[in-house]
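K.L.:
Data: query09.cif, mmCIF, C-alpha atoms and all ligand atoms.
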data_final
loop_
_atom_site.label_atom_id
_atom_site.label_comp_id
_atom_site.auth_asym_id
_atom_site.auth_seq_id
_atom_site.Cartn_x
_atom_site.Cartn_y
_atom_site.Cartn_z
CA ILE A 1 -0.76 30.16 -6.26
CA LYS A 2 0.25 27.43 -3.84
CA ILE A 3 -0.90 27.65 -0.25
CA LYS A 4 0.63 25.51 2.47
CA ILE A 5 -2.06 23.92 4.57
CA THR A 6 -0.50 23.92 7.99
CA GLU A 7 -3.59 23.90 10.15
CA ILE A 8 -5.63 20.72 9.88
CA ASP A 9 -9.21 20.92 11.05
CA CYS A 10 -9.07 17.87 13.30
CA PRO A 11 -9.77 17.43 17.05
CA VAL A 12 -6.86 15.02 17.58
CA SER A 13 -3.16 15.40 16.78
CA VAL A 14 -1.88 14.48 13.33
CA SER A 15 1.80 13.65 13.33
CA SER A 16 4.21 10.98 12.17
CA ALA A 17 4.82 10.34 15.89
CA PHE A 18 1.58 8.32 15.98
CA GLU A 19 2.46 6.15 13.02
CA GLY A 20 3.26 2.94 14.85
CA GLU A 21 0.18 3.13 17.05
CA ARG A 22 -2.03 0.03 17.12
CA VAL A 23 -5.71 0.15 17.99
CA ARG A 24 -6.67 -2.93 19.97
CA LYS A 25 -10.14 -4.36 20.47
CA ASP A 26 -10.58 -3.01 24.00
CA THR A 27 -9.79 0.60 23.07
CA MET A 28 -11.57 0.52 19.72
CA PHE A 29 -14.70 2.55 19.06
CA ALA A 30 -15.25 1.99 15.34
CA GLU A 31 -13.95 -0.29 12.63
CA PHE A 32 -14.19 -0.28 8.83
CA GLY A 33 -13.15 -2.99 6.39
CA GLY A 34 -10.72 -5.65 7.56
CA ASN A 35 -13.03 -8.27 6.10
CA ARG A 36 -15.88 -7.29 8.42
CA THR A 37 -17.40 -4.66 6.19
CA PRO A 38 -16.66 -3.75 2.57
CA ALA A 39 -14.13 -0.94 2.29
CA TRP A 40 -12.01 0.65 -0.41
CA GLU A 41 -9.99 3.75 -1.10
CA LEU A 42 -9.31 5.43 -4.40
CA VAL A 43 -7.52 8.50 -5.70
CA THR A 44 -8.60 9.74 -9.12
CA THR A 45 -7.80 12.79 -11.22
CA GLY A 46 -10.54 15.16 -12.33
CA ASP A 47 -10.70 18.38 -14.34
CA LEU A 48 -9.71 21.53 -12.51
CA ALA A 49 -13.13 22.97 -13.29
CA ASP A 50 -15.00 20.04 -11.76
CA ILE A 51 -13.15 19.63 -8.49
CA GLU A 52 -14.12 21.91 -5.64
CA ASP A 53 -11.11 22.47 -3.42
CA HIS A 54 -11.56 21.46 0.22
CA LYS A 55 -15.01 20.05 -0.33
CA ILE A 56 -15.47 17.23 2.19
CA THR A 57 -18.65 15.19 1.85
CA LEU A 58 -19.98 12.36 3.96
CA ILE A 59 -22.69 10.29 2.31
CA GLY A 60 -24.28 7.89 4.78
CA PRO A 61 -24.23 7.55 8.56
CA ASP A 62 -21.40 8.93 10.68
CA ILE A 63 -19.93 6.92 13.54
CA ASP A 64 -22.29 8.48 16.05
CA ASP A 65 -25.37 8.06 13.83
CA ALA A 66 -24.59 4.42 13.30
CA MET A 67 -26.74 2.09 15.35
CA PHE A 68 -24.69 0.89 18.23
CA GLU A 69 -25.16 -0.58 21.60
CA GLU A 70 -23.22 0.83 24.49
CA GLY A 71 -19.84 -0.87 24.63
CA LYS A 72 -20.20 -2.47 21.22
CA THR A 73 -17.92 -1.59 18.32
CA VAL A 74 -19.42 0.47 15.51
CA ARG A 75 -18.82 -1.26 12.18
CA LEU A 76 -19.54 0.53 8.93
CA PRO A 77 -18.78 0.00 5.26
CA LEU A 78 -16.41 2.65 3.97
CA GLY A 79 -15.55 4.09 0.58
CA VAL A 80 -12.96 6.88 0.54
CA LEU A 81 -12.82 8.76 -2.74
CA VAL A 82 -10.13 11.40 -3.07
CA GLU A 83 -10.43 13.46 -6.25
CA VAL A 84 -7.56 15.72 -7.20
CA ALA A 85 -6.84 18.11 -10.03
CA GLY A 86 -3.85 20.13 -11.10
CA LYS A 87 -2.21 21.20 -14.31
CA ASP A 88 0.86 19.04 -13.61
CA MET A 89 -1.12 16.10 -12.27
CA GLN A 90 -0.73 12.81 -14.20
CA ALA A 91 -2.80 9.64 -13.93
CA ASP A 92 0.44 7.77 -13.16
CA PHE A 93 0.71 9.69 -9.89
CA GLU A 94 -2.68 8.53 -8.58
CA THR A 95 -1.38 5.31 -7.07
CA VAL A 96 1.38 7.18 -5.28
CA LEU A 97 -1.12 9.53 -3.67
CA GLU A 98 -3.41 6.61 -2.92
CA ARG A 99 -0.69 4.72 -1.05
CA ARG A 100 -0.08 7.77 1.11
CA ILE A 101 -3.60 7.47 2.50
CA HIS A 102 -2.15 4.63 4.57
CA TYR A 103 0.51 6.88 6.08
CA PHE A 104 -1.67 9.97 6.48
CA LEU A 105 -4.36 8.09 8.42
CA ASN A 106 -1.77 6.41 10.60
CA TYR A 107 -0.54 9.89 11.55
CA VAL A 108 -3.90 10.50 13.23
CA GLU A 109 -3.77 10.03 16.99
CA GLY A 110 -6.20 7.20 17.72
CA ALA A 111 -6.47 5.86 14.17
CA MET A 112 -4.97 2.79 12.58
CA HIS A 113 -4.90 2.04 8.87
CA VAL A 114 -3.86 -1.26 7.28
CA GLY A 115 -4.05 -2.43 3.68
CA GLN A 116 -4.94 -0.61 0.49
CA ARG A 117 -7.41 -0.59 -2.39
CA ASN A 118 -10.34 -2.83 -1.39
CA SER A 119 -8.47 -4.46 1.46
CA SER A 120 -8.27 -1.31 3.54
CA TRP A 121 -8.94 -1.62 7.24
CA ILE A 122 -9.37 1.29 9.62
CA ARG A 123 -9.86 1.40 13.38
CA LEU A 124 -10.62 4.41 15.57
CA THR A 125 -10.22 4.58 19.33
CA LYS A 126 -12.84 5.52 21.91
CA GLU A 127 -10.51 8.31 22.95
CA ALA A 128 -10.44 9.86 19.48
CA TYR A 129 -14.22 9.58 19.33
CA GLY A 130 -14.46 11.23 22.74
CA LYS A 131 -12.36 14.13 21.55
CA GLY A 132 -14.79 14.68 18.70
CA PHE A 133 -13.18 12.81 15.83
CA ARG A 134 -15.80 12.02 13.17
CA LEU A 135 -15.63 10.69 9.62
CA LYS A 136 -15.36 14.13 8.03
CA HIS A 137 -12.02 14.50 9.80
CA ILE A 138 -10.66 11.64 7.70
CA GLY A 139 -11.49 13.91 4.76
CA GLU A 140 -9.86 16.92 6.44
CA VAL A 141 -6.64 15.06 7.14
CA LEU A 142 -6.43 13.60 3.64
CA TYR A 143 -7.22 16.98 2.10
CA ALA A 144 -4.55 18.82 4.05
CA LYS A 145 -1.86 16.19 3.59
CA MET A 146 -2.53 15.75 -0.12
CA ARG A 147 -2.32 19.50 -0.65
CA ASP A 148 0.81 19.80 1.49
CA ASP A 149 2.81 16.78 0.43
CA PHE A 150 1.88 16.90 -3.24
CA ASP A 151 1.65 20.65 -3.76
CA LYS A 152 3.68 20.32 -6.95
CA VAL A 153 0.84 18.47 -8.67
CA VAL A 154 -2.31 18.86 -6.58
CA ASP A 155 -3.96 22.27 -6.99
CA LYS A 156 -7.40 21.14 -5.88
CA CYS A 157 -8.60 18.24 -3.78
CA GLN A 158 -12.02 17.05 -2.66
CA VAL A 159 -12.86 14.04 -0.54
CA THR A 160 -16.08 12.03 -0.48
CA ILE A 161 -16.71 9.39 2.16
CA TYR A 162 -19.41 6.77 1.65
CA THR A 163 -20.79 4.64 4.46
CA ASN A 164 -23.98 3.15 3.02
CA LYS A 165 -23.37 -0.48 2.14
CA GLU A 166 -25.21 -0.12 -1.16
CA ASP A 167 -23.08 2.88 -2.25
CA VAL A 168 -19.83 1.30 -1.11
CA GLU A 169 -20.53 -1.91 -3.02
CA ARG A 170 -21.91 -0.25 -6.15
CA LEU A 171 -19.12 2.30 -6.42
CA TYR A 172 -16.56 -0.41 -5.91
CA THR A 173 -17.85 -2.21 -9.01
CA GLU A 174 -18.53 0.90 -11.04
CA LYS A 175 -15.69 3.15 -10.08
CA ALA A 176 -12.87 1.63 -8.05
CA LYS A 177 -12.45 -1.85 -9.54
CA PRO A 178 -12.20 -0.66 -13.17
CA VAL A 179 -9.41 1.73 -12.12
CA TYR A 180 -7.54 -0.98 -10.18
CA ASP A 181 -7.90 -3.34 -13.17
CA LYS A 182 -6.65 -0.78 -15.64
CA ARG A 183 -3.55 -0.16 -13.55
CA ASP A 184 -2.88 -3.90 -13.29
CA THR A 185 -3.24 -4.41 -17.03
CA ARG A 186 -0.75 -1.68 -17.73
CA MET A 187 1.67 -3.17 -15.25
CA ALA A 188 1.27 -6.68 -16.70
CA ALA A 189 2.88 -5.60 -19.96
CA LEU A 190 6.21 -4.87 -18.24
CA THR A 191 8.83 -7.49 -17.36
CA ASP A 192 12.02 -7.43 -15.31
CA ASP A 193 14.02 -8.12 -18.44
CA ASN A 194 12.69 -5.22 -20.47
CA VAL A 195 13.49 -2.40 -18.03
CA GLU A 196 16.84 -0.83 -17.22
CA GLU A 197 16.24 -0.10 -13.57
CA PHE A 198 14.55 -1.43 -10.45
CA TYR A 199 13.57 0.76 -7.49
CA THR A 200 14.18 0.67 -3.77
CA CYS A 201 11.32 1.41 -1.41
CA LEU A 202 12.19 2.58 2.08
CA LEU A 203 8.76 3.70 3.21
CA CYS A 204 8.48 0.98 5.83
CA GLN A 205 11.77 1.76 7.53
CA SER A 206 9.84 3.85 10.02
CA PHE A 207 8.86 0.59 11.73
CA ALA A 208 11.25 -1.97 10.18
CA PRO A 209 14.52 -0.01 10.01
CA SER A 210 16.53 -2.62 8.13
CA HIS A 211 13.82 -3.39 5.59
CA VAL A 212 14.33 -2.51 1.94
CA CYS A 213 11.86 -3.52 -0.74
CA ILE A 214 13.28 -3.96 -4.21
CA VAL A 215 10.45 -3.23 -6.58
CA THR A 216 10.60 -4.67 -10.09
CA PRO A 217 7.98 -4.89 -12.85
CA GLU A 218 7.32 -8.52 -11.98
CA ARG A 219 7.69 -8.20 -8.24
CA LEU A 220 5.74 -5.41 -6.62
CA GLY A 221 6.35 -4.23 -3.07
CA LEU A 222 5.11 -6.70 -0.53
CA CYS A 223 2.41 -4.38 0.76
CA GLY A 224 0.85 -4.78 -2.66
CA ALA A 225 0.61 -1.02 -2.97
CA VAL A 226 3.86 -0.08 -4.70
CA SER A 227 4.30 -1.31 -8.23
CA TRP A 228 7.30 -0.53 -10.40
CA LEU A 229 5.26 2.19 -12.10
CA ASP A 230 4.36 3.66 -8.72
CA ALA A 231 7.99 3.71 -7.65
CA LYS A 232 8.94 5.38 -10.91
CA ALA A 233 6.21 7.99 -10.46
CA THR A 234 7.26 8.61 -6.85
CA LYS A 235 10.79 9.27 -7.99
CA GLN A 236 9.42 11.90 -10.41
CA LEU A 237 7.25 13.49 -7.74
CA ASP A 238 9.76 13.35 -4.96
CA PRO A 239 13.30 13.10 -6.37
CA THR A 240 14.96 12.54 -3.00
CA GLY A 241 12.11 10.41 -1.64
CA PRO A 242 11.69 6.75 -0.67
CA ASN A 243 11.99 5.27 -4.16
CA GLN A 244 15.37 5.47 -5.81
CA PRO A 245 16.39 3.78 -9.03
CA VAL A 246 18.81 0.88 -8.96
CA ILE A 247 20.42 0.65 -12.37
CA LYS A 248 20.35 -3.08 -12.95
CA GLY A 249 23.45 -3.87 -14.95
CA THR A 250 24.19 -7.53 -15.62
CA ALA A 251 22.82 -10.21 -13.33
CA ILE A 252 25.32 -12.32 -11.38
CA ASP A 253 22.78 -15.11 -11.34
CA GLU A 254 19.67 -14.87 -13.48
CA ARG A 255 17.98 -17.92 -12.03
CA LEU A 256 18.13 -16.72 -8.42
CA GLY A 257 17.85 -13.08 -9.43
CA ILE A 258 21.09 -11.67 -8.03
CA TRP A 259 22.48 -8.32 -9.09
CA ASP A 260 25.49 -6.50 -7.65
CA SER A 261 23.57 -3.27 -7.97
CA VAL A 262 20.65 -4.64 -5.93
CA ASN A 263 22.93 -6.00 -3.20
CA GLU A 264 24.70 -2.70 -2.95
CA ALA A 265 21.43 -0.79 -2.69
CA VAL A 266 20.11 -3.14 -0.01
CA ALA A 267 23.35 -3.06 2.00
CA THR A 268 23.54 0.73 1.91
CA ASN A 269 19.89 1.31 2.71
CA SER A 270 19.73 -1.28 5.48
CA GLN A 271 22.85 0.23 7.05
CA GLY A 272 24.65 -3.03 6.46
CA ALA A 273 22.04 -5.21 8.20
CA VAL A 274 21.30 -7.12 4.99
CA GLU A 275 24.02 -7.60 2.42
CA SER A 276 22.67 -9.89 -0.20
CA VAL A 277 19.22 -10.70 -1.48
CA THR A 278 17.86 -12.74 -4.33
CA LEU A 279 14.75 -11.57 -6.10
CA TYR A 280 13.47 -14.95 -7.29
CA SER A 281 14.19 -17.35 -4.47
CA ILE A 282 12.43 -18.07 -1.18
CA LEU A 283 15.26 -20.28 0.10
CA GLU A 284 18.47 -18.46 -0.69
CA ASP A 285 18.78 -14.96 0.76
CA PRO A 286 15.12 -14.10 0.26
CA MET A 287 14.12 -10.46 0.47
CA THR A 288 13.25 -9.24 3.96
CA SER A 289 9.67 -8.62 5.06
CA CYS A 290 8.57 -5.55 7.00
CA GLY A 291 5.14 -6.25 8.42
CA CYS A 292 2.55 -5.03 5.96
CA PHE A 293 2.71 -7.88 3.45
CA GLU A 294 -0.62 -8.87 1.93
CA CYS A 295 0.29 -12.56 1.94
CA ILE A 296 2.84 -14.94 3.42
CA CYS A 297 4.25 -17.87 1.54
CA GLY A 298 5.80 -20.76 3.44
CA ILE A 299 7.22 -24.12 2.44
CA MET A 300 5.17 -27.27 3.08
CA PRO A 301 7.93 -29.89 2.72
CA GLU A 302 5.69 -32.95 2.65
CA ALA A 303 3.77 -31.54 -0.33
CA ASN A 304 6.98 -30.43 -2.04
CA GLY A 305 5.39 -27.05 -2.46
CA VAL A 306 4.30 -23.87 -0.73
CA VAL A 307 1.28 -22.69 1.20
CA ILE A 308 0.12 -19.11 0.84
CA VAL A 309 -2.09 -17.28 3.30
CA ASN A 310 -3.51 -13.79 3.06
CA ARG A 311 -3.86 -11.39 5.97
CA GLU A 312 -7.65 -11.64 6.03
CA HIS A 313 -7.59 -15.39 6.67
CA ALA A 314 -7.59 -15.95 10.44
CA ASP A 315 -7.61 -19.74 10.59
CA ILE A 316 -4.80 -22.26 10.73
CA THR A 317 -2.98 -23.33 7.54
CA PRO A 318 -1.55 -26.74 6.57
CA VAL A 319 1.89 -25.66 7.88
CA GLY A 320 0.35 -25.62 11.35
CA MET A 321 0.37 -21.86 11.78
CA THR A 322 -2.02 -18.97 11.25
CA PHE A 323 -1.23 -15.82 9.31
CA GLY A 324 -0.46 -14.04 12.57
CA GLU A 325 1.94 -16.75 13.73
CA LEU A 326 3.65 -16.84 10.36
CA ALA A 327 3.83 -13.05 10.34
CA SER A 328 5.55 -12.88 13.70
CA MET A 329 8.39 -15.03 12.42
CA THR A 330 8.57 -13.53 8.93
CA GLY A 331 8.28 -9.79 9.65
CA GLY A 332 10.53 -7.19 11.16
CA GLY A 333 13.01 -6.76 8.34
CA VAL A 334 14.92 -10.03 8.76
CA GLN A 335 15.58 -12.71 6.18
CA THR A 336 13.71 -15.95 6.90
CA PRO A 337 14.59 -18.62 4.34
CA GLY A 338 11.56 -20.73 3.50
CA PHE A 339 9.13 -17.93 4.28
CA MET A 340 8.42 -14.61 2.64
CA GLY A 341 5.88 -11.85 2.69
CA HIS A 342 4.56 -10.69 -0.65
CA GLY A 343 1.82 -8.82 -2.47
CA ARG A 344 -1.24 -10.53 -3.97
CA GLN A 345 -0.23 -9.47 -7.45
CA LEU A 346 2.86 -11.66 -7.22
CA LEU A 347 0.54 -14.65 -7.58
CA GLY A 348 0.29 -13.98 -11.30
CA SER A 349 4.01 -13.32 -11.77
CA LYS A 350 6.28 -15.66 -13.68
CA LYS A 351 9.05 -14.57 -11.34
CA PHE A 352 7.27 -15.76 -8.19
CA MET A 353 10.00 -17.88 -6.51
CA SER A 354 10.97 -18.97 -9.99
CA ALA A 355 14.29 -20.32 -8.67
CA GLU A 356 12.32 -23.05 -6.87
CA GLY A 357 9.94 -23.81 -9.69
CA GLY A 358 7.55 -20.87 -9.47
CA LEU A 359 3.78 -20.71 -9.31
CA GLU A 360 3.46 -24.45 -9.92
CA ARG A 361 4.70 -24.98 -6.37
CA ILE A 362 1.57 -23.49 -4.84
CA VAL A 363 -0.35 -26.30 -3.16
CA TRP A 364 -2.74 -24.53 -0.80
CA MET A 365 -4.31 -21.12 -0.26
CA PRO A 366 -7.51 -19.81 1.30
CA LYS A 367 -10.47 -20.00 -1.06
CA ALA A 368 -11.12 -16.25 -1.03
CA LEU A 369 -7.56 -15.55 -2.11
CA LYS A 370 -7.65 -18.31 -4.71
CA ASP A 371 -10.84 -16.91 -6.21
CA ASP A 372 -9.33 -13.44 -6.26
CA VAL A 373 -6.14 -14.42 -8.09
CA ALA A 374 -7.36 -17.43 -10.12
CA GLU A 375 -7.59 -15.68 -13.46
CA ARG A 376 -4.06 -14.29 -13.42
CA LEU A 377 -2.62 -17.40 -11.80
CA ASN A 378 -4.19 -19.69 -14.39
CA LYS A 379 -3.00 -17.51 -17.25
CA ALA A 380 0.60 -17.40 -16.03
CA VAL A 381 0.79 -21.13 -15.28
CA LYS A 382 -0.78 -21.97 -18.64
CA GLU A 383 1.80 -19.85 -20.44
CA MET A 384 4.68 -21.38 -18.52
CA THR A 385 3.65 -25.04 -18.42
CA GLY A 386 0.60 -25.61 -20.61
CA ILE A 387 -1.47 -26.68 -17.59
CA ASP A 388 -5.10 -25.55 -17.76
CA ASN A 389 -7.02 -24.23 -14.74
CA PHE A 390 -4.16 -24.65 -12.32
CA ALA A 391 -6.15 -22.99 -9.52
CA ASP A 392 -8.41 -26.06 -9.43
CA MET A 393 -5.40 -28.17 -8.43
CA VAL A 394 -4.64 -25.90 -5.49
CA CYS A 395 -6.20 -27.05 -2.24
CA ASP A 396 -8.08 -24.64 0.07
CA GLU A 397 -9.68 -24.66 3.52
CA THR A 398 -13.04 -25.82 2.17
CA ILE A 399 -11.32 -28.98 0.88
CA ALA A 400 -8.67 -29.71 3.50
CA VAL A 401 -6.31 -28.12 6.01
CA ASP A 402 -4.88 -31.25 7.60
CA SER A 403 -1.58 -32.12 5.96
CA GLU A 404 -2.51 -35.68 4.99
CA ALA A 405 -5.84 -34.72 3.53
CA VAL A 406 -4.17 -31.93 1.56
CA LEU A 407 -1.71 -34.45 0.12
CA GLU A 408 -4.52 -36.79 -0.82
CA PHE A 409 -6.28 -33.99 -2.68
CA LEU A 410 -3.09 -33.02 -4.51
CA GLU A 411 -2.59 -36.63 -5.59
CA THR A 412 -6.15 -36.92 -6.88
CA LYS A 413 -5.63 -33.75 -8.91
CA GLY A 414 -2.19 -34.79 -10.18
CA HIS A 415 -0.71 -31.57 -8.81
CA PRO A 416 2.60 -30.84 -10.63
CA ALA A 417 4.54 -30.04 -7.42
CA LEU A 418 4.43 -33.72 -6.41
CA ALA A 419 6.56 -34.63 -9.43
CA MET A 420 9.01 -31.74 -9.19
CA ASP A 421 12.55 -31.87 -7.75
CA PRO A 422 12.57 -31.84 -3.94
CA ILE A 423 12.00 -28.25 -2.82
CA MET A 424 14.60 -28.53 -0.05
FE1 LIG A 501 7.46 0.30 0.22
FE2 LIG A 501 7.81 -2.27 0.62
FE3 LIG A 501 6.73 -0.77 2.53
FE4 LIG A 501 5.36 -1.32 0.34
S1 LIG A 501 6.07 -2.80 1.88
S2 LIG A 501 5.53 0.67 1.30
S3 LIG A 501 6.95 -1.35 -1.21
S4 LIG A 501 8.82 -0.63 1.75
ZN ZN A 502 5.84 -2.57 4.92
#
What would the structure in this file look like if it were written as structure tokens?
Ligand code: SF4
Ligand code: ZN
P.N.:
Amino acid sequence: IKIKITEIDCPVSVSSAFEGERVRKDTMFAEFGGNRTPAWELVTTGDLADIEDHKITLIGPDIDDAMFEEGKTVRLPLGVLVEVAGKDMQADFETVLERRIHYFLNYVEGAMHVGQRNSSWIRLTKEAYGKGFRLKHIGEVLYAKMRDDFDKVVDKCQVTIYTNKEDVERLYTEKAKPVYDKRDTRMAALTDDNVEEFYTCLLCQSFAPSHVCIVTPERLGLCGAVSWLDAKATKQLDPTGPNQPVIKGTAIDERLGIWDSVNEAVATNSQGAVESVTLYSILEDPMTSCGCFECICGIMPEANGVVIVNREHADITPVGMTFGELASMTGGGVQTPGFMGHGRQLLGSKKFMSAEGGLERIVWMPKALKDDVAERLNKAVKEMTGIDNFADMVCDETIAVDSEAVLEFLETKGHPALAMDPIM
């Protein structure tokens, strides 16, 4: 028996009307993740017998138990574990449900959610706190929305919220990371050439109306949260939903990654705002960027390569701009040749701006990002060029940020970009 959960036990409104709401520092009461505290979110499937429907558990301090000084923001670690069960539930659907956490929490009046997996970042306003919003309400909202939106596959749902640093860190290693890794490994076996269809993603049109992501096995959505498998699963779960197949057909240009089918899908879904995109080039008709990209890649002409910066990195980059400054010119659903937003996973993809020479063009990225992607980056570059430990040739902020010093480092390392054809 399926029950529609229409009433959500929550002291503030929950509606898509609040989706675009930003929580700024001066109105913020509490903050989780966003590089200030560890945070992650995970949806897993359990046995029907083991999951207790509507069980919401908070393990650790709540926002009002947390030590705080009057007027100072409460900052807590946060692990959000959503366990679902249902006879039609499949493990492939987990990532689809997990991505919706982002949307469901943004529906909450006075809440802001950015990121995904272990880069999630949540802010709550003083007003929401004043109205009685507490951490268990995150569980209530997720419970109700999961049951409502995924009633075809979710028969039972329980939510556990962890706020002790020790739990959040331990469960990340023991529980969340192995699941993220397993998904990535499965995805790594697929290539753009060995599938028949790509998928559109229109989820971000609510705030970037002309933005269309084209999701392929080797190029995930730029939020980093929608892989080709996720898009395929979403289509199964929600046949008229945001992810529709684009039957590839023959490429017009394999090097740039141009397909008639893709152009048509982008033109139709952007209401004519964007008519042609390439999937493998940053210079010629690059894909548009909405606003939730995990990273931005931009050309550094003097190094004949590209600089990449992730959202968490607040400082200036060798192109003279910060992530925020780059984001303001790259986002909004317009094409910006020379710049593009993308997911972290793309940094291990052989299709990463392959029209301009690919991963070998990367000359600088923040150390934290480099450490995070090094293994996959090294593997892909080794397979493509024979170069060992490519990540060591990539400069970072602990080595240099100033353009000249970056160039000096690249020369010392014999970085391959310096010997490649001029990038522009
Ligand atoms: Fe979909 Fe792209 Fe938005 Fe991710 S960034 S949710 S893939 S439209
Ligand atoms: Zn987006």
K.L.:
State, in Å with one decimal place, the distance from CA of Lys367 (chain A) to CA of Tyr180 (chain A).
P.N.:
21.3 Å
K.L.:
Would you kindly return, as a PDB file with C-alpha atoms, in the coordinates of the input, each protein, DNA or RNA residue with an atom no farther than 12 Å from any atom of Asp372 (chain A), considering only C-alpha atoms and excluding same-chain residues fewer than 4 positions away?
P.N.:
ATOM      1  CA  ASN A 118     -10.340  -2.830  -1.390  1.00  0.00           C
ATOM      2  CA  SER A 119      -8.470  -4.460   1.460  1.00  0.00           C
ATOM      3  CA  ASN A 310      -3.510 -13.790   3.060  1.00  0.00           C
ATOM      4  CA  ARG A 344      -1.240 -10.530  -3.970  1.00  0.00           C
ATOM      5  CA  GLN A 345      -0.230  -9.470  -7.450  1.00  0.00           C
ATOM      6  CA  LEU A 347       0.540 -14.650  -7.580  1.00  0.00           C
ATOM      7  CA  GLY A 348       0.290 -13.980 -11.300  1.00  0.00           C
ATOM      8  CA  MET A 365      -4.310 -21.120  -0.260  1.00  0.00           C
ATOM      9  CA  PRO A 366      -7.510 -19.810   1.300  1.00  0.00           C
ATOM     10  CA  LYS A 367     -10.470 -20.000  -1.060  1.00  0.00           C
ATOM     11  CA  ALA A 368     -11.120 -16.250  -1.030  1.00  0.00           C
ATOM     12  CA  ARG A 376      -4.060 -14.290 -13.420  1.00  0.00           C
ATOM     13  CA  LEU A 377      -2.620 -17.400 -11.800  1.00  0.00           C
ATOM     14  CA  ASN A 378      -4.190 -19.690 -14.390  1.00  0.00           C
ATOM     15  CA  ALA A 391      -6.150 -22.990  -9.520  1.00  0.00           C
TER      16      ALA A 391
END
K.L.:
Can you build me a table of chain A residues sitting at most 6 Å from ligand LIG 501 (chain A), with the closest atom pair per residue and its distance in Å to one decimal, using all atoms listed in the file, sorted by chain and residue number, as a tab-separated table?
P.N.:
residue	atom	partner	partner_atom	distance
A:Cys201	CA	A:LIG501	FE1	4.3
A:Leu202	CA	A:LIG501	S4	4.7
A:Leu203	CA	A:LIG501	S4	4.6
A:Cys204	CA	A:LIG501	FE3	4.1
A:Val212	CA	A:LIG501	S4	5.8
A:Cys213	CA	A:LIG501	FE2	4.5
A:Gly221	CA	A:LIG501	S3	3.5
A:Leu222	CA	A:LIG501	S1	4.7
A:Cys223	CA	A:LIG501	S1	4.1
A:Ala225	CA	A:LIG501	FE4	5.8
A:Val226	CA	A:LIG501	S3	4.8
A:Cys292	CA	A:LIG501	S1	5.8
K.L.:
What is the CA of Val277 (chain A)-CA of Val215 (chain A) distance in Å, reported with one decimal?
P.N.:
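Those two atoms sit 12.6 Å apart.
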K.L.:
Give me the residues near Ala30 (chain A) as a PyMOL selection string, where near means some atom within 9 Å (using all atoms listed in the file) and where sequence neighbours in that chain fewer than 4 positions away do not count.
P.N.:
chain A and resi 63+72-76+122-126+129
